[in-house]
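A short worksheet on the structure shown next.
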Amino acid sequence: MNIIDIFLYDTTWGFIFEIMIRCFVMFFLILIFLRLSGKRGIRQLSIFEVAIILSLGTAAGDPMIIDDVPIVQAFVVMSTIIILYRLVTWAMMKSEKIELWVEGKPLYIVEDGMMVIQDMKKEKYSHDEFFAEMRQQSVEHLGQVRVALLETDGCLSILFYTEQETKWGLPLFPKAYQKSVHLNTENYYSCMYCGMTQHLLHLEQECPRCHNKDWTESLSVPYIH
Ligand SMILES: [Zn+2]
């Protein structure tokens with residue numbers, strides 16, 4: 001192995017100039033094709049959209065740097081992908097079944113201040129991911145949340161309890177989310193797995209919802225809009 005080969009190999013000034021022209025053309029082709037897809041700006045992508053972006057990116061990348069890939073071939077690939085995209089989008093509009101299959105459906109993550117256990121297991125998401133997502137939306141504990149819905153693009157939509165409706169709930173920020181070691185029977189405790197909240201007789205008690213045995217002290221501050 002020659003170290004210089006890794007960086008240069010047989011690159012000539014002529015080919016560097018060719019690469020610049022290829023990048024110039026492909027960059028504008030990508031812009032045009034993304035506009036043709038009919039999408040506006042992108043925040044979060046569904047799996048279907050990620051597939052389209054990946055395919056377009058692959059088709060666009062090769063002719064930028066591989067000298068025997070002509071741009072017209074990439075053009076054909078990109079046109080085909082956009083036609084596919086338009087076809088699938090059209091089919092999704094016509095049939096709810098196809099839409100469900102391609103994009104998945106929104107899932108309830110939190111209901112009445114507690115994690116929805118079945119949906120969570122089905123989706124194989126980690127707690128940490130949900131907790132982080134809710135923290136970013138200024139949720140301090142689950143007792144503030146009436147409903148949290150996981151959208152197909154990965155965003156969480158949250159409905160909050162009003163100040164009066166706020167319950168005792170599972171804290172989401174790390175300093176408060178600590179396993180309790182001393183019991184105060186006056187306090188509320190929340191299951192660290194599902195957010196079930198109740199008084200306890202002893203700390204080794206099993207959660208009646210999910211059989212977890214880790215409890216942490218609950219919070220009850222309301223969410224301030
Ligand atoms: Zn539980």
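Ordering of the structure tokens sets the chain letters (A, B, ...); residue numbers start at 1 within each chain; ligands are numbered from 1 in the order shown.
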Subject >> In region 72-173 of chain A, DSSP alpha helix (DSSP H) residues written as a PyMOL selection string >> reply: chain A and resi 72-94+96-103+117-123+127-136
Those same residues, written as a short mmCIF file (atom, residue, chain, number, x, y, z; two decimals), in the first residue's frame with N, CA and C atoms?
data_model
loop_
_atom_site.label_atom_id
_atom_site.label_comp_id
_atom_site.auth_asym_id
_atom_site.auth_seq_id
_atom_site.Cartn_x
_atom_site.Cartn_y
_atom_site.Cartn_z
N VAL A 72 -25.61 11.36 -18.27
CA VAL A 72 -26.93 11.01 -18.79
C VAL A 72 -27.49 9.77 -18.07
N GLN A 73 -26.60 8.86 -17.66
CA GLN A 73 -27.08 7.67 -16.94
C GLN A 73 -27.65 8.05 -15.58
N ALA A 74 -26.94 8.96 -14.90
CA ALA A 74 -27.47 9.43 -13.61
C ALA A 74 -28.80 10.13 -13.81
N PHE A 75 -28.92 10.85 -14.90
CA PHE A 75 -30.16 11.56 -15.21
C PHE A 75 -31.33 10.57 -15.34
N VAL A 76 -31.07 9.45 -16.03
CA VAL A 76 -32.12 8.43 -16.20
C VAL A 76 -32.50 7.84 -14.84
N VAL A 77 -31.47 7.53 -14.01
CA VAL A 77 -31.74 6.96 -12.68
C VAL A 77 -32.60 7.94 -11.87
N MET A 78 -32.21 9.21 -11.86
CA MET A 78 -32.93 10.18 -11.04
C MET A 78 -34.36 10.39 -11.54
N SER A 79 -34.53 10.40 -12.86
CA SER A 79 -35.89 10.54 -13.41
C SER A 79 -36.76 9.37 -12.97
N THR A 80 -36.19 8.16 -13.05
CA THR A 80 -36.95 6.97 -12.66
C THR A 80 -37.36 7.06 -11.18
N ILE A 81 -36.43 7.50 -10.33
CA ILE A 81 -36.73 7.59 -8.89
C ILE A 81 -37.86 8.59 -8.63
N ILE A 82 -37.81 9.72 -9.32
CA ILE A 82 -38.85 10.73 -9.10
C ILE A 82 -40.21 10.24 -9.60
N ILE A 83 -40.21 9.52 -10.73
CA ILE A 83 -41.48 8.95 -11.22
C ILE A 83 -42.02 7.96 -10.20
N LEU A 84 -41.13 7.10 -9.64
CA LEU A 84 -41.53 6.15 -8.60
C LEU A 84 -42.12 6.89 -7.39
N TYR A 85 -41.42 7.95 -6.98
CA TYR A 85 -41.85 8.73 -5.82
C TYR A 85 -43.26 9.27 -6.04
N ARG A 86 -43.47 9.86 -7.25
CA ARG A 86 -44.78 10.42 -7.56
C ARG A 86 -45.84 9.33 -7.59
N LEU A 87 -45.49 8.17 -8.16
CA LEU A 87 -46.44 7.05 -8.23
C LEU A 87 -46.85 6.57 -6.84
N VAL A 88 -45.84 6.36 -5.97
CA VAL A 88 -46.14 5.85 -4.62
C VAL A 88 -46.95 6.89 -3.84
N THR A 89 -46.58 8.19 -3.98
CA THR A 89 -47.33 9.24 -3.29
C THR A 89 -48.79 9.25 -3.74
N TRP A 90 -48.99 9.06 -5.05
CA TRP A 90 -50.34 9.04 -5.61
C TRP A 90 -51.11 7.83 -5.06
N ALA A 91 -50.43 6.66 -5.03
CA ALA A 91 -51.07 5.45 -4.51
C ALA A 91 -51.44 5.62 -3.04
N MET A 92 -50.58 6.32 -2.29
CA MET A 92 -50.85 6.54 -0.87
C MET A 92 -52.07 7.42 -0.67
N MET A 93 -52.26 8.38 -1.59
CA MET A 93 -53.42 9.25 -1.49
C MET A 93 -54.70 8.48 -1.78
N LYS A 94 -54.60 7.49 -2.69
CA LYS A 94 -55.77 6.72 -3.11
C LYS A 94 -56.13 5.63 -2.09
N GLU A 96 -55.61 3.94 1.81
CA GLU A 96 -55.12 4.08 3.18
C GLU A 96 -54.20 2.91 3.54
N LYS A 97 -54.50 1.72 2.97
CA LYS A 97 -53.68 0.53 3.27
C LYS A 97 -52.25 0.75 2.81
N ILE A 98 -52.10 1.26 1.59
CA ILE A 98 -50.76 1.50 1.06
C ILE A 98 -50.04 2.56 1.90
N GLU A 99 -50.79 3.59 2.29
CA GLU A 99 -50.18 4.65 3.11
C GLU A 99 -49.66 4.08 4.43
N LEU A 100 -50.49 3.22 5.07
CA LEU A 100 -50.07 2.60 6.33
C LEU A 100 -48.80 1.78 6.14
N TRP A 101 -48.77 1.04 5.02
CA TRP A 101 -47.63 0.16 4.78
C TRP A 101 -46.36 0.96 4.53
N VAL A 102 -46.48 2.05 3.79
CA VAL A 102 -45.29 2.83 3.44
C VAL A 102 -44.82 3.71 4.60
N GLU A 103 -45.76 4.40 5.23
CA GLU A 103 -45.36 5.41 6.22
C GLU A 103 -45.52 4.95 7.66
N ILE A 117 -47.67 0.92 27.31
CA ILE A 117 -46.64 -0.12 27.29
C ILE A 117 -46.66 -0.95 26.01
N GLN A 118 -47.84 -1.36 25.53
CA GLN A 118 -47.88 -2.24 24.36
C GLN A 118 -47.23 -1.59 23.16
N ASP A 119 -47.63 -0.34 22.86
CA ASP A 119 -47.12 0.33 21.68
C ASP A 119 -45.61 0.52 21.76
N MET A 120 -45.14 0.76 22.98
CA MET A 120 -43.72 1.00 23.15
C MET A 120 -42.92 -0.25 22.80
N LYS A 121 -43.42 -1.41 23.25
CA LYS A 121 -42.71 -2.66 22.98
C LYS A 121 -42.71 -2.96 21.48
N LYS A 122 -43.85 -2.67 20.84
CA LYS A 122 -43.98 -2.94 19.41
C LYS A 122 -42.97 -2.15 18.60
N GLU A 123 -42.74 -0.92 19.03
CA GLU A 123 -41.90 -0.02 18.23
C GLU A 123 -40.41 -0.16 18.51
N HIS A 127 -36.59 4.06 26.00
CA HIS A 127 -37.14 5.09 26.87
C HIS A 127 -36.40 6.40 26.69
N ASP A 128 -35.07 6.27 26.67
CA ASP A 128 -34.23 7.47 26.62
C ASP A 128 -34.61 8.38 25.47
N GLU A 129 -34.91 7.75 24.32
CA GLU A 129 -35.28 8.53 23.15
C GLU A 129 -36.53 9.36 23.40
N PHE A 130 -37.55 8.70 23.98
CA PHE A 130 -38.81 9.42 24.26
C PHE A 130 -38.58 10.50 25.30
N PHE A 131 -37.86 10.13 26.35
CA PHE A 131 -37.63 11.10 27.42
C PHE A 131 -36.90 12.32 26.87
N ALA A 132 -35.88 12.09 26.05
CA ALA A 132 -35.13 13.21 25.48
C ALA A 132 -36.04 14.08 24.62
N GLU A 133 -36.86 13.42 23.81
CA GLU A 133 -37.78 14.15 22.93
C GLU A 133 -38.74 15.02 23.75
N MET A 134 -39.26 14.46 24.85
CA MET A 134 -40.21 15.21 25.69
C MET A 134 -39.50 16.33 26.44
N ARG A 135 -38.29 16.05 26.89
CA ARG A 135 -37.53 17.12 27.57
C ARG A 135 -37.33 18.30 26.64
N GLN A 136 -37.05 18.00 25.37
CA GLN A 136 -36.83 19.09 24.41
C GLN A 136 -38.09 19.92 24.22
#
Original post:
Could you list, as a PyMOL selection string, all the residues within 7 Å of ligand 1, counting only C-alpha atoms and all ligand atoms?
Top reply: chain A and resi 191-196+207-212
Just write the chosen residues, all heavy atoms, as a PDB file, in the first residue's frame.
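Generated output (part13.pdb):
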ATOM      1  N   CYS A 191     -43.241   4.639  38.837  1.00  0.00           N
ATOM      2  CA  CYS A 191     -42.497   3.529  38.233  1.00  0.00           C
ATOM      3  C   CYS A 191     -41.562   4.106  37.185  1.00  0.00           C
ATOM      4  O   CYS A 191     -41.980   4.853  36.302  1.00  0.00           O
ATOM      5  CB  CYS A 191     -43.481   2.540  37.597  1.00  0.00           C
ATOM      6  SG  CYS A 191     -42.713   1.399  36.459  1.00  0.00           S
ATOM      7  N   MET A 192     -40.277   3.752  37.267  1.00  0.00           N
ATOM      8  CA  MET A 192     -39.299   4.359  36.366  1.00  0.00           C
ATOM      9  C   MET A 192     -39.408   3.814  34.953  1.00  0.00           C
ATOM     10  O   MET A 192     -38.794   4.334  34.031  1.00  0.00           O
ATOM     11  CB  MET A 192     -37.871   4.149  36.908  1.00  0.00           C
ATOM     12  CG  MET A 192     -37.632   4.931  38.191  1.00  0.00           C
ATOM     13  SD  MET A 192     -35.994   4.686  38.900  1.00  0.00           S
ATOM     14  CE  MET A 192     -34.980   5.765  37.891  1.00  0.00           C
ATOM     15  N   TYR A 193     -40.207   2.757  34.773  1.00  0.00           N
ATOM     16  CA  TYR A 193     -40.364   2.206  33.433  1.00  0.00           C
ATOM     17  C   TYR A 193     -41.616   2.752  32.744  1.00  0.00           C
ATOM     18  O   TYR A 193     -41.541   3.267  31.640  1.00  0.00           O
ATOM     19  CB  TYR A 193     -40.425   0.676  33.491  1.00  0.00           C
ATOM     20  CG  TYR A 193     -40.436   0.056  32.116  1.00  0.00           C
ATOM     21  CD1 TYR A 193     -39.269   0.003  31.361  1.00  0.00           C
ATOM     22  CD2 TYR A 193     -41.612  -0.446  31.568  1.00  0.00           C
ATOM     23  CE1 TYR A 193     -39.270  -0.531  30.090  1.00  0.00           C
ATOM     24  CE2 TYR A 193     -41.617  -0.980  30.293  1.00  0.00           C
ATOM     25  CZ  TYR A 193     -40.445  -1.022  29.562  1.00  0.00           C
ATOM     26  OH  TYR A 193     -40.454  -1.549  28.300  1.00  0.00           O
ATOM     27  N   CYS A 194     -42.781   2.677  33.420  1.00  0.00           N
ATOM     28  CA  CYS A 194     -44.022   3.033  32.718  1.00  0.00           C
ATOM     29  C   CYS A 194     -44.663   4.305  33.257  1.00  0.00           C
ATOM     30  O   CYS A 194     -45.627   4.796  32.682  1.00  0.00           O
ATOM     31  CB  CYS A 194     -45.018   1.882  32.769  1.00  0.00           C
ATOM     32  SG  CYS A 194     -45.786   1.669  34.383  1.00  0.00           S
ATOM     33  N   GLY A 195     -44.158   4.860  34.359  1.00  0.00           N
ATOM     34  CA  GLY A 195     -44.711   6.116  34.847  1.00  0.00           C
ATOM     35  C   GLY A 195     -45.913   5.969  35.766  1.00  0.00           C
ATOM     36  O   GLY A 195     -46.483   6.968  36.213  1.00  0.00           O
ATOM     37  N   MET A 196     -46.333   4.709  36.056  1.00  0.00           N
ATOM     38  CA  MET A 196     -47.415   4.473  37.026  1.00  0.00           C
ATOM     39  C   MET A 196     -47.062   5.175  38.344  1.00  0.00           C
ATOM     40  O   MET A 196     -45.947   5.023  38.847  1.00  0.00           O
ATOM     41  CB  MET A 196     -47.542   2.959  37.241  1.00  0.00           C
ATOM     42  CG  MET A 196     -48.402   2.539  38.399  1.00  0.00           C
ATOM     43  SD  MET A 196     -50.125   2.507  37.874  1.00  0.00           S
ATOM     44  CE  MET A 196     -50.963   2.497  39.447  1.00  0.00           C
ATOM     45  N   CYS A 207     -44.472  -2.808  40.294  1.00  0.00           N
ATOM     46  CA  CYS A 207     -45.428  -1.935  39.603  1.00  0.00           C
ATOM     47  C   CYS A 207     -46.577  -2.792  39.093  1.00  0.00           C
ATOM     48  O   CYS A 207     -46.352  -3.795  38.416  1.00  0.00           O
ATOM     49  CB  CYS A 207     -44.749  -1.236  38.436  1.00  0.00           C
ATOM     50  SG  CYS A 207     -45.909  -0.445  37.316  1.00  0.00           S
ATOM     51  N   PRO A 208     -47.849  -2.441  39.424  1.00  0.00           N
ATOM     52  CA  PRO A 208     -48.978  -3.265  38.977  1.00  0.00           C
ATOM     53  C   PRO A 208     -49.166  -3.265  37.458  1.00  0.00           C
ATOM     54  O   PRO A 208     -49.815  -4.158  36.920  1.00  0.00           O
ATOM     55  CB  PRO A 208     -50.187  -2.625  39.680  1.00  0.00           C
ATOM     56  CG  PRO A 208     -49.736  -1.257  40.067  1.00  0.00           C
ATOM     57  CD  PRO A 208     -48.250  -1.308  40.249  1.00  0.00           C
ATOM     58  N   ARG A 209     -48.589  -2.303  36.757  1.00  0.00           N
ATOM     59  CA  ARG A 209     -48.772  -2.258  35.297  1.00  0.00           C
ATOM     60  C   ARG A 209     -47.695  -3.063  34.561  1.00  0.00           C
ATOM     61  O   ARG A 209     -47.987  -3.775  33.608  1.00  0.00           O
ATOM     62  CB  ARG A 209     -48.713  -0.819  34.776  1.00  0.00           C
ATOM     63  CG  ARG A 209     -49.960  -0.021  35.017  1.00  0.00           C
ATOM     64  CD  ARG A 209     -49.805   1.360  34.409  1.00  0.00           C
ATOM     65  NE  ARG A 209     -50.126   1.394  32.996  1.00  0.00           N
ATOM     66  CZ  ARG A 209     -49.460   2.092  32.095  1.00  0.00           C
ATOM     67  NH1 ARG A 209     -48.396   2.772  32.452  1.00  0.00           N
ATOM     68  NH2 ARG A 209     -49.836   2.091  30.842  1.00  0.00           N
ATOM     69  N   CYS A 210     -46.422  -2.905  34.985  1.00  0.00           N
ATOM     70  CA  CYS A 210     -45.348  -3.481  34.161  1.00  0.00           C
ATOM     71  C   CYS A 210     -44.398  -4.376  34.964  1.00  0.00           C
ATOM     72  O   CYS A 210     -43.434  -4.896  34.417  1.00  0.00           O
ATOM     73  CB  CYS A 210     -44.559  -2.363  33.482  1.00  0.00           C
ATOM     74  SG  CYS A 210     -43.534  -1.417  34.605  1.00  0.00           S
ATOM     75  N   HIS A 211     -44.669  -4.565  36.257  1.00  0.00           N
ATOM     76  CA  HIS A 211     -43.886  -5.461  37.120  1.00  0.00           C
ATOM     77  C   HIS A 211     -42.450  -5.016  37.353  1.00  0.00           C
ATOM     78  O   HIS A 211     -41.627  -5.793  37.820  1.00  0.00           O
ATOM     79  CB  HIS A 211     -43.922  -6.902  36.600  1.00  0.00           C
ATOM     80  CG  HIS A 211     -45.319  -7.374  36.321  1.00  0.00           C
ATOM     81  ND1 HIS A 211     -46.261  -7.487  37.314  1.00  0.00           N
ATOM     82  CD2 HIS A 211     -45.945  -7.686  35.157  1.00  0.00           C
ATOM     83  CE1 HIS A 211     -47.417  -7.875  36.769  1.00  0.00           C
ATOM     84  NE2 HIS A 211     -47.250  -7.997  35.472  1.00  0.00           N
ATOM     85  N   ASN A 212     -42.143  -3.781  37.004  1.00  0.00           N
ATOM     86  CA  ASN A 212     -40.831  -3.213  37.284  1.00  0.00           C
ATOM     87  C   ASN A 212     -40.765  -2.876  38.785  1.00  0.00           C
ATOM     88  O   ASN A 212     -41.782  -2.629  39.427  1.00  0.00           O
ATOM     89  CB  ASN A 212     -40.679  -1.965  36.402  1.00  0.00           C
ATOM     90  CG  ASN A 212     -39.469  -1.155  36.783  1.00  0.00           C
ATOM     91  OD1 ASN A 212     -38.359  -1.636  36.725  1.00  0.00           O
ATOM     92  ND2 ASN A 212     -39.704   0.082  37.156  1.00  0.00           N
TER      93      ASN A 212
END
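Note that CA of Tyr223 (chain A) and CA of Val139 (chain A) are 6.9 Å apart.
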**OP:** Please provide the set of residues having any atom within 12 Å of region 21-23 of chain A, restricted to only C-alpha atoms, with same-chain residues fewer than 3 positions apart removed, written as number ranges by chain.
**Re:** A: 14-18, 26-30, 60-72, 74
If you count only C-alpha atoms, which residues fall within 12 Å of Ser157 (chain A), apart from same-chain ones fewer than 4 positions away, as a JSON list (two decimals) with N, CA and C atoms, in the first residue's frame?
[["chain", "number", "residue", "atom", "x", "y", "z"],
["A", 106, "PRO", "N", -49.29, 6.72, 13.24],
["A", 106, "PRO", "CA", -48.91, 7.37, 14.50],
["A", 106, "PRO", "C", -49.21, 6.46, 15.68],
["A", 107, "LEU", "N", -48.37, 6.50, 16.71],
["A", 107, "LEU", "CA", -48.54, 5.64, 17.87],
["A", 107, "LEU", "C", -48.68, 6.46, 19.14],
["A", 108, "TYR", "N", -49.59, 6.05, 20.03],
["A", 108, "TYR", "CA", -49.70, 6.70, 21.32],
["A", 108, "TYR", "C", -48.56, 6.23, 22.22],
["A", 109, "ILE", "N", -47.78, 7.18, 22.72],
["A", 109, "ILE", "CA", -46.66, 6.87, 23.60],
["A", 109, "ILE", "C", -47.05, 7.12, 25.06],
["A", 110, "VAL", "N", -47.76, 8.23, 25.29],
["A", 110, "VAL", "CA", -48.22, 8.56, 26.64],
["A", 110, "VAL", "C", -49.72, 8.80, 26.60],
["A", 130, "PHE", "N", -37.55, 8.70, 23.98],
["A", 130, "PHE", "CA", -38.81, 9.42, 24.26],
["A", 130, "PHE", "C", -38.58, 10.50, 25.30],
["A", 133, "GLU", "N", -36.86, 13.42, 23.81],
["A", 133, "GLU", "CA", -37.78, 14.15, 22.93],
["A", 133, "GLU", "C", -38.74, 15.02, 23.75],
["A", 134, "MET", "N", -39.26, 14.46, 24.85],
["A", 134, "MET", "CA", -40.21, 15.21, 25.69],
["A", 134, "MET", "C", -39.50, 16.33, 26.44],
["A", 136, "GLN", "N", -37.05, 18.00, 25.37],
["A", 136, "GLN", "CA", -36.83, 19.09, 24.41],
["A", 136, "GLN", "C", -38.09, 19.92, 24.22],
["A", 137, "GLN", "N", -39.25, 19.34, 24.53],
["A", 137, "GLN", "CA", -40.48, 20.12, 24.45],
["A", 137, "GLN", "C", -40.88, 20.63, 25.83],
["A", 139, "VAL", "N", -41.15, 19.24, 28.79],
["A", 139, "VAL", "CA", -41.93, 18.43, 29.72],
["A", 139, "VAL", "C", -41.03, 18.06, 30.89],
["A", 145, "VAL", "N", -48.52, 15.48, 31.07],
["A", 145, "VAL", "CA", -48.85, 15.09, 29.69],
["A", 145, "VAL", "C", -50.14, 14.27, 29.64],
["A", 146, "ARG", "N", -51.14, 14.78, 28.89],
["A", 146, "ARG", "CA", -52.37, 14.02, 28.71],
["A", 146, "ARG", "C", -52.16, 13.00, 27.60],
["A", 147, "VAL", "N", -51.58, 13.44, 26.47],
["A", 147, "VAL", "CA", -51.34, 12.56, 25.34],
["A", 147, "VAL", "C", -50.02, 12.93, 24.68],
["A", 148, "ALA", "N", -49.20, 11.90, 24.36],
["A", 148, "ALA", "CA", -48.06, 12.12, 23.48],
["A", 148, "ALA", "C", -48.16, 11.11, 22.35],
["A", 149, "LEU", "N", -48.11, 11.63, 21.13],
["A", 149, "LEU", "CA", -48.30, 10.79, 19.94],
["A", 149, "LEU", "C", -47.02, 10.81, 19.11],
["A", 150, "LEU", "N", -46.52, 9.62, 18.77],
["A", 150, "LEU", "CA", -45.33, 9.54, 17.92],
["A", 150, "LEU", "C", -45.77, 9.55, 16.46],
["A", 151, "GLU", "N", -45.46, 10.65, 15.77],
["A", 151, "GLU", "CA", -45.87, 10.78, 14.36],
["A", 151, "GLU", "C", -44.99, 9.92, 13.47],
["A", 152, "THR", "N", -45.42, 9.70, 12.22],
["A", 152, "THR", "CA", -44.66, 8.81, 11.33],
["A", 152, "THR", "C", -43.32, 9.41, 10.93],
["A", 153, "ASP", "N", -43.16, 10.72, 11.05],
["A", 153, "ASP", "CA", -41.86, 11.32, 10.73],
["A", 153, "ASP", "C", -40.94, 11.36, 11.95]]
**OP:** Per DSSP on the backbone, filter region 132-214 of chain A down to the residues in strand (DSSP E) and report them as number ranges by chain.
**Re:** A: 145-150, 156-160, 189-191, 197-198
Subject >> Nearest candidate to Glu163 (chain A) (options A:Gln144, A:Ser95, A:Glu217, A:Gly57; using only C-alpha atoms) >> reply: A:Gln144
Subject >> Proximity to Gln164 (chain A) - best of A:Phe7, A:Glu49, A:Leu183, A:Ser220, only C-alpha atoms >> reply: A:Ser220
**OP:** Mind checking which residues fall within 12 Å of Leu200 (chain A), counting only C-alpha atoms, ignoring those fewer than 5 positions away in the same chain, and posting them as a PyMOL selection string?
**Re:** chain A and resi 180+182-191+205-208+213-218
Original post:
Counting only C-alpha atoms, what is within 7 Å of Glu140 (chain A), bar same-chain residues fewer than 3 positions away, as a list of chain:residue names?
Top reply: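 Skipping anything fewer than 3 positions along the chain leaves A:Arg135, A:Pro171, A:Leu172, A:Phe173.
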